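coords_10.txt (compact mmCIF, C-alpha atoms)
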# COMPACT_ATOMS: atom_id res chain seq x y z
CA MET A 1 35.69 -20.10 -14.34
CA THR A 2 38.02 -17.63 -12.72
CA VAL A 3 38.25 -19.68 -9.51
CA LEU A 4 39.81 -22.64 -11.33
CA PRO A 5 43.43 -21.92 -10.23
CA TRP A 6 42.49 -21.76 -6.57
CA ALA A 7 40.30 -24.84 -6.89
CA VAL A 8 43.16 -26.75 -8.52
CA CYS A 9 45.45 -25.79 -5.62
CA VAL A 10 42.93 -27.04 -3.08
CA TRP A 11 42.41 -30.22 -5.10
CA LEU A 12 46.14 -30.95 -5.31
CA PHE A 13 46.62 -30.34 -1.60
CA VAL A 14 43.68 -32.51 -0.56
CA ILE A 15 44.49 -35.40 -2.84
CA GLY A 16 48.15 -35.30 -1.85
CA LEU A 17 47.15 -35.44 1.79
CA TYR A 18 44.78 -38.31 1.06
CA GLY A 19 47.62 -40.14 -0.62
CA ILE A 20 49.88 -39.63 2.40
CA ILE A 21 47.20 -40.93 4.77
CA THR A 22 46.30 -44.03 2.80
CA SER A 23 49.75 -44.94 1.56
CA ARG A 24 51.07 -48.49 1.87
CA ASN A 25 54.62 -47.77 0.83
CA TYR A 26 56.95 -45.08 2.11
CA VAL A 27 58.36 -44.29 -1.32
CA HIS A 28 54.82 -43.74 -2.60
CA LEU A 29 54.25 -41.46 0.39
CA ILE A 30 57.21 -39.30 -0.55
CA GLY A 31 55.78 -38.91 -4.05
CA CYS A 32 52.46 -37.74 -2.61
CA LEU A 33 54.39 -35.22 -0.51
CA SER A 34 55.75 -33.72 -3.72
CA VAL A 35 52.18 -33.33 -4.98
CA VAL A 36 51.33 -31.32 -1.86
CA GLN A 37 54.39 -29.15 -2.52
CA SER A 38 53.31 -28.52 -6.11
CA ALA A 39 50.00 -27.20 -4.80
CA THR A 40 51.86 -24.34 -3.12
CA TYR A 41 53.84 -23.62 -6.28
CA VAL A 42 50.68 -23.32 -8.36
CA LEU A 43 49.07 -21.09 -5.74
CA LEU A 44 52.02 -18.68 -5.59
CA LEU A 45 52.46 -18.40 -9.33
CA ALA A 46 48.75 -18.01 -10.00
CA ALA A 47 48.64 -15.20 -7.44
CA GLY A 48 51.32 -13.28 -9.30
CA PHE A 49 49.85 -13.62 -12.76
CA ARG A 50 48.44 -10.74 -14.75
CA TRP A 51 46.61 -10.87 -18.07
CA GLY A 52 48.48 -9.41 -21.00
CA ALA A 53 51.76 -9.19 -19.11
CA ALA A 54 55.05 -10.78 -20.09
CA ALA A 55 57.76 -12.49 -18.08
CA PRO A 56 59.74 -10.20 -15.75
CA ILE A 57 62.81 -10.29 -18.01
CA PHE A 58 63.40 -6.95 -19.68
CA TYR A 59 65.96 -8.05 -22.23
CA ASP A 60 63.82 -7.88 -25.34
CA HIS A 61 61.25 -5.34 -24.29
CA PRO A 62 62.16 -2.14 -22.44
CA PRO A 63 61.72 -1.85 -18.69
CA GLY A 64 58.28 -0.46 -18.11
CA THR A 65 56.20 -2.95 -20.09
CA PRO A 66 53.69 -4.78 -17.90
CA ALA A 67 55.22 -7.83 -16.30
CA VAL A 68 54.12 -10.47 -13.85
CA ASP A 69 55.27 -10.52 -10.27
CA PRO A 70 58.95 -11.54 -9.88
CA VAL A 71 58.86 -11.92 -6.11
CA VAL A 72 56.67 -15.01 -6.07
CA GLN A 73 58.73 -16.49 -8.89
CA ALA A 74 61.87 -16.07 -6.81
CA LEU A 75 60.19 -17.84 -3.89
CA VAL A 76 59.03 -20.79 -5.99
CA LEU A 77 62.37 -21.06 -7.80
CA THR A 78 64.45 -21.66 -4.70
CA ASP A 79 61.70 -23.79 -3.24
CA ILE A 80 61.77 -26.28 -6.12
CA VAL A 81 65.51 -26.89 -5.94
CA ILE A 82 65.68 -27.12 -2.16
CA GLY A 83 62.56 -29.30 -2.10
CA ALA A 84 64.34 -31.74 -4.36
CA ALA A 85 67.27 -31.96 -1.96
CA VAL A 86 64.95 -32.53 1.01
CA THR A 87 63.12 -35.23 -0.96
CA ALA A 88 66.48 -36.90 -1.51
CA LEU A 89 67.06 -36.82 2.24
CA LEU A 90 63.65 -38.43 2.80
CA LEU A 91 64.49 -41.13 0.27
CA ALA A 92 67.75 -41.84 2.11
CA LEU A 93 65.74 -42.21 5.33
CA ALA A 94 63.37 -44.62 3.59
CA LEU A 95 66.34 -46.63 2.36
CA GLN A 96 67.76 -46.90 5.86
CA LEU A 97 64.35 -47.89 7.15
CA HIS A 98 64.12 -50.72 4.67
CA ARG A 99 67.58 -51.88 5.57
CA ARG A 100 66.86 -52.10 9.26
CA LYS A 101 63.30 -53.33 9.24
CA GLY A 102 63.05 -55.14 5.93
CA SER A 103 59.76 -53.53 4.95
CA LEU A 104 58.44 -50.21 3.75
CA ASP A 105 54.84 -50.65 4.78
CA PRO A 106 53.62 -48.13 7.38
CA GLU A 107 51.19 -50.73 8.68
CA GLU A 108 53.89 -53.23 9.49
CA LEU A 109 56.15 -50.61 11.03
CA ARG A 110 54.22 -49.48 14.04
CA ALA A 111 55.97 -47.21 16.49
CA MET A 112 58.11 -48.93 19.06
CA ARG A 113 56.13 -49.75 22.12
CA MET B 1 40.33 -17.32 -19.00
CA SER B 2 42.13 -18.44 -22.11
CA LEU B 3 41.68 -21.96 -23.33
CA LEU B 4 45.37 -22.84 -22.95
CA LEU B 5 45.52 -21.92 -19.26
CA TYR B 6 42.19 -23.62 -18.61
CA MET B 7 43.39 -26.89 -20.15
CA LEU B 8 46.76 -26.71 -18.41
CA PHE B 9 45.17 -26.25 -15.01
CA LEU B 10 42.90 -29.24 -15.57
CA LEU B 11 45.88 -31.26 -16.78
CA THR B 12 47.81 -30.32 -13.63
CA ALA B 13 44.97 -31.56 -11.45
CA ALA B 14 44.83 -34.80 -13.44
CA ALA B 15 48.60 -35.32 -13.23
CA GLY B 16 48.58 -34.78 -9.47
CA ALA B 17 45.77 -37.29 -9.10
CA GLY B 18 47.73 -39.70 -11.30
CA VAL B 19 50.75 -39.52 -9.00
CA VAL B 20 48.67 -40.30 -5.93
CA LEU B 21 46.57 -43.01 -7.46
CA SER B 22 49.51 -45.05 -8.82
CA ARG B 23 50.13 -47.22 -5.82
CA ASP B 24 53.02 -49.24 -7.19
CA PRO B 25 56.19 -47.14 -6.68
CA ARG B 26 57.68 -48.16 -10.00
CA ARG B 27 54.63 -46.92 -11.88
CA GLN B 28 54.53 -43.83 -9.74
CA VAL B 29 57.99 -42.80 -10.95
CA LEU B 30 56.66 -42.32 -14.48
CA ALA B 31 53.65 -40.47 -13.12
CA LEU B 32 56.04 -38.17 -11.22
CA SER B 33 57.95 -37.49 -14.40
CA ALA B 34 54.75 -36.62 -16.25
CA ASN B 35 53.69 -34.43 -13.34
CA GLY B 36 56.96 -32.53 -13.55
CA LEU B 37 56.52 -32.00 -17.27
CA VAL B 38 52.94 -30.74 -16.91
CA LEU B 39 53.96 -28.39 -14.10
CA ALA B 40 56.78 -27.00 -16.22
CA LEU B 41 54.33 -26.32 -19.07
CA LEU B 42 51.97 -24.61 -16.65
CA PHE B 43 54.76 -22.43 -15.31
CA PHE B 44 55.74 -21.45 -18.85
CA ALA B 45 52.15 -20.47 -19.59
CA LEU B 46 52.05 -18.42 -16.38
CA GLN B 47 54.99 -16.34 -17.72
CA ALA B 48 57.60 -17.78 -15.35
CA PRO B 49 60.50 -19.11 -17.46
CA ASP B 50 63.03 -19.32 -14.62
CA VAL B 51 60.74 -21.46 -12.51
CA ALA B 52 59.88 -23.65 -15.49
CA PHE B 53 63.60 -24.29 -16.07
CA SER B 54 64.13 -25.58 -12.56
CA GLU B 55 60.96 -27.65 -12.47
CA LEU B 56 61.71 -29.20 -15.84
CA VAL B 57 65.15 -30.45 -14.89
CA VAL B 58 64.37 -31.37 -11.31
CA GLY B 59 60.92 -32.85 -11.71
CA THR B 60 61.46 -34.69 -14.97
CA ALA B 61 65.01 -35.99 -14.76
CA ALA B 62 66.73 -35.69 -11.41
CA LEU B 63 64.04 -36.72 -8.94
CA PRO B 64 62.60 -39.67 -10.89
CA LEU B 65 66.10 -41.05 -11.26
CA LEU B 66 66.64 -40.82 -7.51
CA TYR B 67 63.37 -42.66 -6.98
CA LEU B 68 64.40 -45.37 -9.45
CA VAL B 69 67.78 -45.79 -7.81
CA VAL B 70 66.20 -46.14 -4.38
CA LEU B 71 63.77 -48.73 -5.71
CA ALA B 72 66.62 -50.60 -7.39
CA SER B 73 68.71 -50.76 -4.22
CA ILE B 74 65.69 -51.86 -2.23
CA ARG B 75 65.12 -54.65 -4.67
CA GLY B 76 68.80 -55.54 -4.68
CA GLY B 77 68.22 -56.76 -1.19
CA ARG B 78 71.36 -55.60 0.52
CA THR B 79 70.37 -56.37 4.07
CA ARG B 80 73.07 -55.55 6.51
CA ASP B 81 72.45 -55.11 10.21
CA MET C 1 46.37 -45.71 14.46
CA PRO C 2 44.46 -48.05 12.16
CA PRO C 3 44.01 -46.74 8.62
CA ARG C 4 40.22 -46.58 8.79
CA LEU C 5 40.40 -44.35 11.83
CA ARG C 6 42.92 -42.16 10.04
CA LEU C 7 40.70 -41.86 7.01
CA ALA C 8 37.68 -41.10 9.20
CA LEU C 9 39.58 -38.32 10.96
CA PHE C 10 40.65 -36.94 7.58
CA ALA C 11 37.07 -36.95 6.34
CA LEU C 12 35.99 -35.25 9.57
CA ALA C 13 38.61 -32.55 9.14
CA LEU C 14 37.54 -31.99 5.54
CA ALA C 15 33.91 -31.76 6.62
CA CYS C 16 34.82 -29.11 9.17
CA ILE C 17 36.83 -27.05 6.67
CA ALA C 18 34.55 -27.51 3.66
CA PRO C 19 31.96 -24.85 4.62
CA ALA C 20 34.65 -22.21 4.81
CA LEU C 21 36.24 -23.21 1.51
CA PRO C 22 33.83 -21.46 -0.91
CA ARG C 23 34.07 -18.26 1.11
CA VAL C 24 37.88 -18.33 1.07
CA ILE C 25 38.05 -19.08 -2.64
CA GLY C 26 35.52 -16.34 -3.29
CA ALA C 27 37.59 -13.88 -1.26
CA MET C 28 40.73 -14.58 -3.29
CA PRO C 29 41.59 -11.92 -5.88
CA VAL C 30 40.31 -12.52 -9.38
CA PHE C 31 42.84 -14.58 -11.29
CA GLY C 32 44.96 -12.26 -13.41
CA SER C 33 44.23 -9.09 -11.50
CA HIS C 34 47.53 -9.25 -9.57
CA PRO C 35 47.01 -6.93 -6.62
CA LEU C 36 50.49 -7.47 -5.14
CA PRO C 37 52.32 -4.11 -5.23
CA TYR C 38 55.81 -5.25 -4.26
CA GLY C 39 56.44 -6.84 -7.65
CA ASP C 40 55.56 -3.65 -9.52
CA ILE C 41 57.99 -1.67 -7.39
CA ILE C 42 60.77 -4.16 -8.14
CA ASN C 43 60.01 -4.12 -11.86
CA ARG C 44 60.29 -0.36 -11.84
CA LEU C 45 63.33 0.06 -9.61
CA ALA C 46 65.66 -2.83 -10.32
CA PRO C 47 66.73 -1.92 -13.89
CA VAL C 48 67.48 1.60 -12.73
CA GLN C 49 69.26 0.77 -9.50
CA ARG C 50 71.15 -2.38 -10.40
CA HIS C 51 71.24 -2.30 -14.22
CA VAL C 52 69.92 -5.84 -14.50
CA THR C 53 67.20 -7.14 -16.77
CA ASN C 54 66.31 -10.36 -14.93
CA MET C 55 64.04 -9.32 -12.10
CA VAL C 56 63.84 -12.78 -10.58
CA SER C 57 67.62 -12.92 -10.14
CA ALA C 58 67.59 -9.43 -8.71
CA VAL C 59 65.06 -10.48 -6.10
CA ASN C 60 66.89 -13.72 -5.36
CA PHE C 61 70.41 -12.36 -4.99
CA ASP C 62 70.02 -8.72 -4.13
CA TYR C 63 66.76 -7.58 -2.63
CA ARG C 64 66.10 -10.86 -0.81
CA GLY C 65 69.66 -12.15 -0.80
CA PHE C 66 69.53 -13.06 2.85
CA ASP C 67 66.69 -15.52 2.26
CA THR C 68 68.74 -17.21 -0.44
CA LEU C 69 71.56 -17.59 2.08
CA GLY C 70 69.13 -19.50 4.28
CA GLU C 71 68.14 -21.66 1.32
CA GLU C 72 71.79 -22.39 0.63
CA MET C 73 72.23 -23.59 4.18
CA MET C 74 69.14 -25.77 3.85
CA LEU C 75 70.58 -27.33 0.71
CA MET C 76 73.89 -27.98 2.44
CA VAL C 77 72.20 -29.51 5.47
CA ALA C 78 70.04 -31.79 3.32
CA VAL C 79 73.03 -32.99 1.28
CA THR C 80 75.13 -33.46 4.42
CA GLY C 81 72.36 -35.44 6.06
CA THR C 82 72.02 -37.71 3.06
CA ALA C 83 75.77 -38.24 2.85
CA VAL C 84 76.00 -39.05 6.55
CA LEU C 85 73.12 -41.49 6.36
CA LEU C 86 74.33 -43.32 3.30
CA ARG C 87 78.07 -43.00 3.48
CA GLY C 88 78.44 -43.94 7.10
CA HIS C 89 76.71 -47.20 6.47
CA ARG C 90 78.72 -48.34 3.51
CA GLY C 91 82.29 -47.87 4.54
CA GLU C 92 84.99 -46.33 2.46
CA SER C 93 85.99 -49.14 0.12
CA LEU C 94 85.50 -48.36 -3.51
CA THR C 95 84.39 -51.44 -5.35
CA ALA C 96 83.21 -50.11 -8.65
CA LEU C 97 81.10 -53.06 -9.64
CA PRO C 98 77.40 -52.55 -10.17
CA ALA C 99 75.14 -54.87 -8.24
CA THR C 100 73.56 -57.81 -9.98
CA VAL C 101 70.24 -59.46 -9.32
CA PRO C 102 70.85 -63.22 -9.43
CA GLY C 103 69.15 -64.81 -12.40
CA ARG C 104 68.98 -61.65 -14.49
CA ARG C 105 71.45 -60.91 -17.22
CA ILE C 106 72.76 -57.34 -17.45
CA PRO C 107 72.21 -56.21 -21.04
CA PRO C 108 75.22 -54.49 -22.62
CA HIS C 109 74.96 -50.79 -23.27
CA SER C 110 73.57 -50.07 -26.71
CA GLU C 111 75.92 -48.07 -28.86
CA ALA C 112 73.28 -45.51 -29.75
CA LEU C 113 72.83 -44.70 -26.08
CA VAL C 114 76.56 -44.38 -25.46
CA LEU C 115 77.04 -42.15 -28.50
CA THR C 116 74.08 -39.92 -27.63
CA ALA C 117 75.22 -39.57 -24.04
CA ARG C 118 78.79 -38.77 -25.06
CA TRP C 119 77.59 -36.08 -27.45
CA PHE C 120 75.00 -34.50 -25.24
CA ALA C 121 76.72 -34.51 -21.87
CA PRO C 122 79.38 -31.91 -22.79
CA LEU C 123 76.76 -29.86 -24.62
CA THR C 124 74.53 -29.95 -21.56
CA ILE C 125 77.39 -28.86 -19.30
CA LEU C 126 78.07 -26.00 -21.69
CA PHE C 127 74.42 -25.05 -21.72
CA GLY C 128 74.28 -25.18 -17.94
CA LEU C 129 77.29 -22.88 -17.72
CA TYR C 130 75.63 -20.51 -20.20
CA VAL C 131 72.40 -20.44 -18.20
CA ALA C 132 74.28 -19.93 -14.93
CA LEU C 133 76.48 -17.13 -16.22
CA HIS C 134 73.66 -15.16 -17.86
CA ALA C 135 71.86 -14.83 -14.55
CA THR C 136 71.29 -11.10 -14.65
CA VAL C 137 70.48 -10.81 -18.32
CA THR C 138 68.17 -13.59 -19.58
CA PRO C 139 66.06 -16.23 -17.83
CA GLY C 140 68.45 -18.28 -15.81
CA GLY C 141 70.62 -18.12 -12.77
CA GLY C 142 72.63 -20.17 -10.37
CA PHE C 143 69.86 -22.57 -9.41
CA GLN C 144 68.85 -23.43 -12.95
CA GLY C 145 72.41 -23.70 -14.23
CA GLY C 146 73.42 -25.87 -11.30
CA VAL C 147 70.66 -28.41 -11.85
CA ILE C 148 71.30 -28.50 -15.59
CA ILE C 149 74.96 -29.34 -14.95
CA ALA C 150 73.84 -32.01 -12.49
CA SER C 151 71.60 -33.57 -15.13
CA ALA C 152 74.61 -33.67 -17.45
CA LEU C 153 76.32 -35.84 -14.83
CA LEU C 154 73.35 -38.17 -15.09
CA LEU C 155 73.79 -38.35 -18.84
CA LEU C 156 77.39 -39.37 -18.25
CA TYR C 157 76.20 -42.15 -15.96
CA LEU C 158 73.82 -43.39 -18.64
CA GLY C 159 76.55 -43.44 -21.21
CA GLU C 160 79.51 -44.81 -19.31
CA GLY C 161 77.89 -47.26 -16.96
CA TYR C 162 78.50 -47.40 -13.25
CA SER C 163 82.18 -48.37 -13.18
CA GLY C 164 83.50 -45.72 -15.55
CA TRP C 165 81.26 -43.05 -14.07
CA ARG C 166 82.30 -43.76 -10.51
CA ARG C 167 85.96 -43.48 -11.36
CA PHE C 168 85.31 -40.12 -12.97
CA MET C 169 83.27 -38.61 -10.16
CA ARG C 170 85.61 -37.78 -7.35
CA THR C 171 83.68 -37.14 -4.17
CA GLU C 172 86.47 -34.96 -2.80
CA ALA C 173 86.12 -32.59 -5.74
CA LEU C 174 82.33 -32.56 -5.46
CA ASP C 175 82.50 -31.91 -1.73
CA ALA C 176 84.92 -29.06 -2.31
CA ILE C 177 82.76 -27.52 -5.03
CA GLU C 178 79.61 -27.70 -2.96
CA GLY C 179 81.16 -26.44 0.25
CA GLY C 180 83.14 -23.80 -1.60
CA GLY C 181 80.03 -22.46 -3.28
CA SER C 182 78.12 -22.12 -0.03
CA ALA C 183 81.12 -20.59 1.71
CA ALA C 184 81.62 -18.16 -1.17
CA TYR C 185 78.04 -16.99 -0.78
CA ALA C 186 78.35 -16.47 2.96
CA LEU C 187 81.78 -14.86 2.83
CA ALA C 188 81.05 -12.62 -0.17
CA GLY C 189 78.48 -10.94 2.00
CA LEU C 190 81.28 -9.85 4.32
CA ALA C 191 83.06 -7.91 1.58
CA PRO C 192 80.70 -4.89 1.67
CA MET C 193 81.25 -4.67 5.42
CA LEU C 194 84.88 -3.73 4.76
CA THR C 195 83.68 -0.44 3.32
CA GLY C 196 81.20 0.24 6.08
CA ALA C 197 78.08 -1.06 4.31
CA GLU C 198 75.72 -3.74 5.58
CA TYR C 199 76.11 -7.49 5.16
CA LEU C 200 75.25 -8.56 1.58
CA GLN C 201 74.63 -5.01 0.47
CA ASN C 202 75.31 -4.56 -3.22
CA THR C 203 78.17 -2.06 -3.26
CA LEU C 204 80.09 -3.28 -6.30
CA PRO C 205 79.71 -1.18 -9.48
CA PRO C 206 76.51 -2.26 -11.19
CA GLY C 207 77.84 -2.21 -14.72
CA GLN C 208 75.85 -1.63 -17.89
CA LEU C 209 72.30 -2.70 -18.60
CA LYS C 210 72.15 -5.94 -20.67
CA SER C 211 75.83 -6.60 -20.15
CA LEU C 212 77.05 -9.92 -18.84
CA LEU C 213 78.93 -8.24 -15.99
CA SER C 214 76.02 -6.24 -14.64
CA GLY C 215 74.63 -6.51 -11.18
CA GLY C 216 77.59 -6.05 -8.90
CA LEU C 217 77.69 -8.46 -6.00
CA MET C 218 74.96 -10.56 -7.64
CA LEU C 219 77.53 -12.20 -9.93
CA ILE C 220 79.61 -13.60 -7.08
CA LEU C 221 76.57 -14.81 -5.19
CA ASN C 222 75.21 -16.36 -8.37
CA ALA C 223 78.46 -18.22 -9.02
CA GLY C 224 78.45 -19.49 -5.44
CA VAL C 225 74.92 -20.77 -5.78
CA ALA C 226 75.65 -22.49 -9.12
CA CYS C 227 78.67 -24.31 -7.64
CA ALA C 228 76.76 -25.29 -4.52
CA VAL C 229 73.74 -26.62 -6.37
CA ALA C 230 75.75 -28.53 -9.00
CA GLY C 231 78.08 -30.01 -6.39
CA GLY C 232 75.23 -30.82 -4.04
CA PHE C 233 73.21 -32.66 -6.62
CA GLY C 234 76.34 -34.45 -7.82
CA ILE C 235 76.98 -35.68 -4.30
CA LEU C 236 73.38 -36.84 -4.03
CA PHE C 237 73.66 -38.82 -7.26
CA VAL C 238 76.95 -40.42 -6.22
CA GLU C 239 75.61 -41.40 -2.81
CA PHE C 240 72.42 -42.90 -4.17
CA LEU C 241 74.06 -44.71 -7.05
CA GLU C 242 76.65 -46.15 -4.69
CA GLU C 243 73.81 -47.95 -3.02
CA THR C 244 73.39 -50.04 -6.13
CA ARG C 245 76.91 -51.39 -6.23
CA ALA C 246 77.85 -54.94 -5.35
CA GLU C 247 78.84 -55.99 -1.88
CA ASP C 248 82.53 -55.92 -1.17
CA PRO C 249 83.67 -59.56 -0.99
CA ASN C 250 86.56 -58.69 1.31
CA GLN C 251 84.38 -57.46 4.17

When written as structure tokens, how does the structure in this file appear?
Amino acid sequence: MTVLPWAVCVWLFVIGLYGIITSRNYVHLIGCLSVVQSATYVLLLAAGFRWGAAAPIFYDHPPGTPAVDPVVQALVLTDIVIGAAVTALLLALALQLHRRKGSLDPEELRAMR
Amino acid sequence: MSLLLYMLFLLTAAAGAGVVLSRDPRRQVLALSANGLVLALLFFALQAPDVAFSELVVGTAALPLLYLVVLASIRGGRTRD
Amino acid sequence: MPPRLRLALFALALACIAPALPRVIGAMPVFGSHPLPYGDIINRLAPVQRHVTNMVSAVNFDYRGFDTLGEEMMLMVAVTGTAVLLRGHRGESLTALPATVPGRRIPPHSEALVLTARWFAPLTILFGLYVALHATVTPGGGFQGGVIIASALLLLYLGEGYSGWRRFMRTEALDAIEGGGSAAYALAGLAPMLTGAEYLQNTLPPGQLKSLLSGGLMLILNAGVACAVAGGFGILFVEFLEETRAEDPNQ
């Protein structure tokens, strides 16, 4: 099944979105957001893969041997670290929300009318 | 498609589903840690060692600890304001 | 919006997109065929031009160095936002007592845990420094090394407990390291402009292939990123773990 990588990306995105929509706890919602992010990582890295190629590090084998795409790896690399910092910011927001409202349930915290 | 990559992709899908379907946040933290580990293995198999480094440390150790700390301070019940 | 309506809208959106999904997946390139040409060009040019062997670091700090500057700023903004949210609420007093849940006894730290943490935290810091310094040679770089050093700080927390760890982690030093790293990245880009080149252009001597000092300007940018990431994550850990401390009885 050569379409499995793309299908897995779609599956991760859809189920992460489903988790965000039906979440009853804001911390659980932030975890589902990280699943949606991981869908993009898998998509990028699967797009840069090549059969029979090695990692794009030419320390042990000479430059010129087939290697996978380094550009998408650079994108995903910075994305993971910065995504972690943004998730920490979201968790701080959730903490403040709990402090002010006493609950983390999206149902109980309707928008101010 | 080699068997290793096939299995790792299926495992990634299962780990993502596990994170979403664990509704209790304290259980979800362990599912997040497992998800980070599976993603790191997948990135290694896709010939991306740099990315796997970052995902391993961030997804397995740093982020689950932040989640646990937030859950602990929520349960500690420090209600000011 | 009630949850059933939300779920119904989600199902409706999926139903609208679902017919197009098989066509899109079918139009994707075959997995493993890798039709992206930019990566092949980088793999061919970077060892010759910059004398580096880690292509990912070359893309991150040289060919797309400006994007990494944007990522640095995002990291700094996220850490600043978290610090403002959490620090402004707590006040500046430094009670170093961990919070207790009434009715639950705090178990004492097991000696095996303390010993393991005390052995492995310095080793992890050393490993993080090794990974960060060998950015242009072997898999690694500023981002990876920075997060590995940050996880060593977590090991210290596990070993020493909250009080000892909080006395050791000085937020002024962490703030300085994080801000200094980001500033070093932004200002190091100005150095090539003194010789008439563009901002962030790699004009330093590239060095020898497979040497630790290869890459030119990449080394300074890499060091800036490592400091910024390690300091940023350290600040995040301190801010979040401060939330678990006991209330100050004097307030």

Check every residue of chain A for an atom within 9 Å of chain C, counting all atoms listed in the file, and provide those that qualify as an MDAnalysis selection string.
-> chainID A and resid 2:7 10 14 17:18 21:22 46:52 56:59 63:64 66:75 77:79 81:83 85:93 95:96 107 110

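For the pair atom CA of Val8 of chain A and atom CA of Leu11 of chain B, the separation is 9.8 Å.
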
Determine, for each residue of chain A having at least one atom at most 6 Å from an atom of chain B, the closest pair of atoms and their separation in Å to one decimal, counting only C-alpha atoms; order by chain and ascending number, as a Markdown table.
| residue | atom | partner | partner_atom | distance |
| --- | --- | --- | --- | --- |
| A:Val8 | CA | B:Ala13 | CA | 5.9 |
| A:Gly19 | CA | B:Val20 | CA | 5.4 |
| A:His28 | CA | B:Pro25 | CA | 5.5 |
| A:Cys32 | CA | B:Val20 | CA | 5.7 |
| A:Val35 | CA | B:Gly16 | CA | 5.9 |
| A:Ala55 | CA | B:Gln47 | CA | 4.8 |
| A:Leu77 | CA | B:Val51 | CA | 5.0 |
| A:Arg99 | CA | B:Thr79 | CA | 5.5 |

Can you tell me how far atom CA of Met1 of chain A sits from atom CA of Val42 of chain A, in Å to one decimal?
->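 Atom CA of Met1 of chain A sits 16.5 Å away from atom CA of Val42 of chain A.
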
Point-to-point distance from atom CA of Gly179 of chain C to atom CA of Thr203 of chain C, Å rounded to tenths | 24.8 Å

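Proximity of C:Ala8, C:Ala13, C:Val238, C:Leu217 to chain B, computed with only C-alpha atoms, is greatest for C:Val238.
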
With only C-alpha atoms as the atoms that count, which of B:Leu41, B:Ala34, B:Ala72, B:Leu8 lies nearest to chain C?
->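 That would be B:Ala72, the residue with the smallest distance to chain C.
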
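Closest to chain C among B:Leu4, B:Leu68, B:Leu30, B:Val38 is B:Leu68, based on only C-alpha atoms.
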
C:Gly164, C:Gly234, C:Gly189, C:Pro206 ranked by distance to chain B, top pick (using only C-alpha atoms) =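 Smallest distance to chain B is found for C:Gly234.
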
Excluding Val225 of chain C and any residue of its chain fewer than 3 positions from it, enumerate the residues within 9 Å of it, using all atoms listed in the file, and give them as a PyMOL selection string.
-> chain C and resi 68+72+141-143+146+178+181-182+184-185+220-222+228-230

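Minimum atom-to-atom distances from A:Ile20, A:Leu45, A:Ala94, A:Ala53 to Leu33 of chain A were compared using only C-alpha atoms, and the lowest value belongs to A:Ile20.
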
Would you mind completing segment 32-43 of chain A so that it carries N, CA and C atoms, and writing it out as a PDB file, in the coordinates of the input?
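Final file, selection01.pdb:
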ATOM      1  N   CYS A  32      53.662 -38.535  -2.906  1.00  0.00           N
ATOM      2  CA  CYS A  32      52.460 -37.740  -2.610  1.00  0.00           C
ATOM      3  C   CYS A  32      52.845 -36.442  -1.920  1.00  0.00           C
ATOM      4  N   LEU A  33      53.930 -36.464  -1.148  1.00  0.00           N
ATOM      5  CA  LEU A  33      54.390 -35.220  -0.510  1.00  0.00           C
ATOM      6  C   LEU A  33      54.781 -34.196  -1.574  1.00  0.00           C
ATOM      7  N   SER A  34      55.360 -34.667  -2.673  1.00  0.00           N
ATOM      8  CA  SER A  34      55.750 -33.720  -3.720  1.00  0.00           C
ATOM      9  C   SER A  34      54.518 -33.136  -4.406  1.00  0.00           C
ATOM     10  N   VAL A  35      53.415 -33.882  -4.422  1.00  0.00           N
ATOM     11  CA  VAL A  35      52.180 -33.330  -4.980  1.00  0.00           C
ATOM     12  C   VAL A  35      51.674 -32.187  -4.099  1.00  0.00           C
ATOM     13  N   VAL A  36      51.757 -32.385  -2.770  1.00  0.00           N
ATOM     14  CA  VAL A  36      51.330 -31.320  -1.860  1.00  0.00           C
ATOM     15  C   VAL A  36      52.200 -30.079  -2.069  1.00  0.00           C
ATOM     16  N   GLN A  37      53.517 -30.295  -2.277  1.00  0.00           N
ATOM     17  CA  GLN A  37      54.390 -29.150  -2.520  1.00  0.00           C
ATOM     18  C   GLN A  37      54.002 -28.419  -3.788  1.00  0.00           C
ATOM     19  N   SER A  38      53.641 -29.174  -4.833  1.00  0.00           N
ATOM     20  CA  SER A  38      53.310 -28.520  -6.110  1.00  0.00           C
ATOM     21  C   SER A  38      52.046 -27.691  -5.978  1.00  0.00           C
ATOM     22  N   ALA A  39      51.177 -28.037  -5.002  1.00  0.00           N
ATOM     23  CA  ALA A  39      50.000 -27.200  -4.800  1.00  0.00           C
ATOM     24  C   ALA A  39      50.406 -25.787  -4.389  1.00  0.00           C
ATOM     25  N   THR A  40      51.424 -25.681  -3.537  1.00  0.00           N
ATOM     26  CA  THR A  40      51.860 -24.340  -3.120  1.00  0.00           C
ATOM     27  C   THR A  40      52.509 -23.592  -4.272  1.00  0.00           C
ATOM     28  N   TYR A  41      53.230 -24.316  -5.152  1.00  0.00           N
ATOM     29  CA  TYR A  41      53.840 -23.620  -6.280  1.00  0.00           C
ATOM     30  C   TYR A  41      52.767 -23.006  -7.176  1.00  0.00           C
ATOM     31  N   VAL A  42      51.736 -23.809  -7.467  1.00  0.00           N
ATOM     32  CA  VAL A  42      50.680 -23.320  -8.360  1.00  0.00           C
ATOM     33  C   VAL A  42      49.977 -22.128  -7.723  1.00  0.00           C
ATOM     34  N   LEU A  43      49.757 -22.203  -6.397  1.00  0.00           N
ATOM     35  CA  LEU A  43      49.070 -21.090  -5.740  1.00  0.00           C
ATOM     36  C   LEU A  43      49.877 -19.806  -5.850  1.00  0.00           C
TER      37      LEU A  43
END
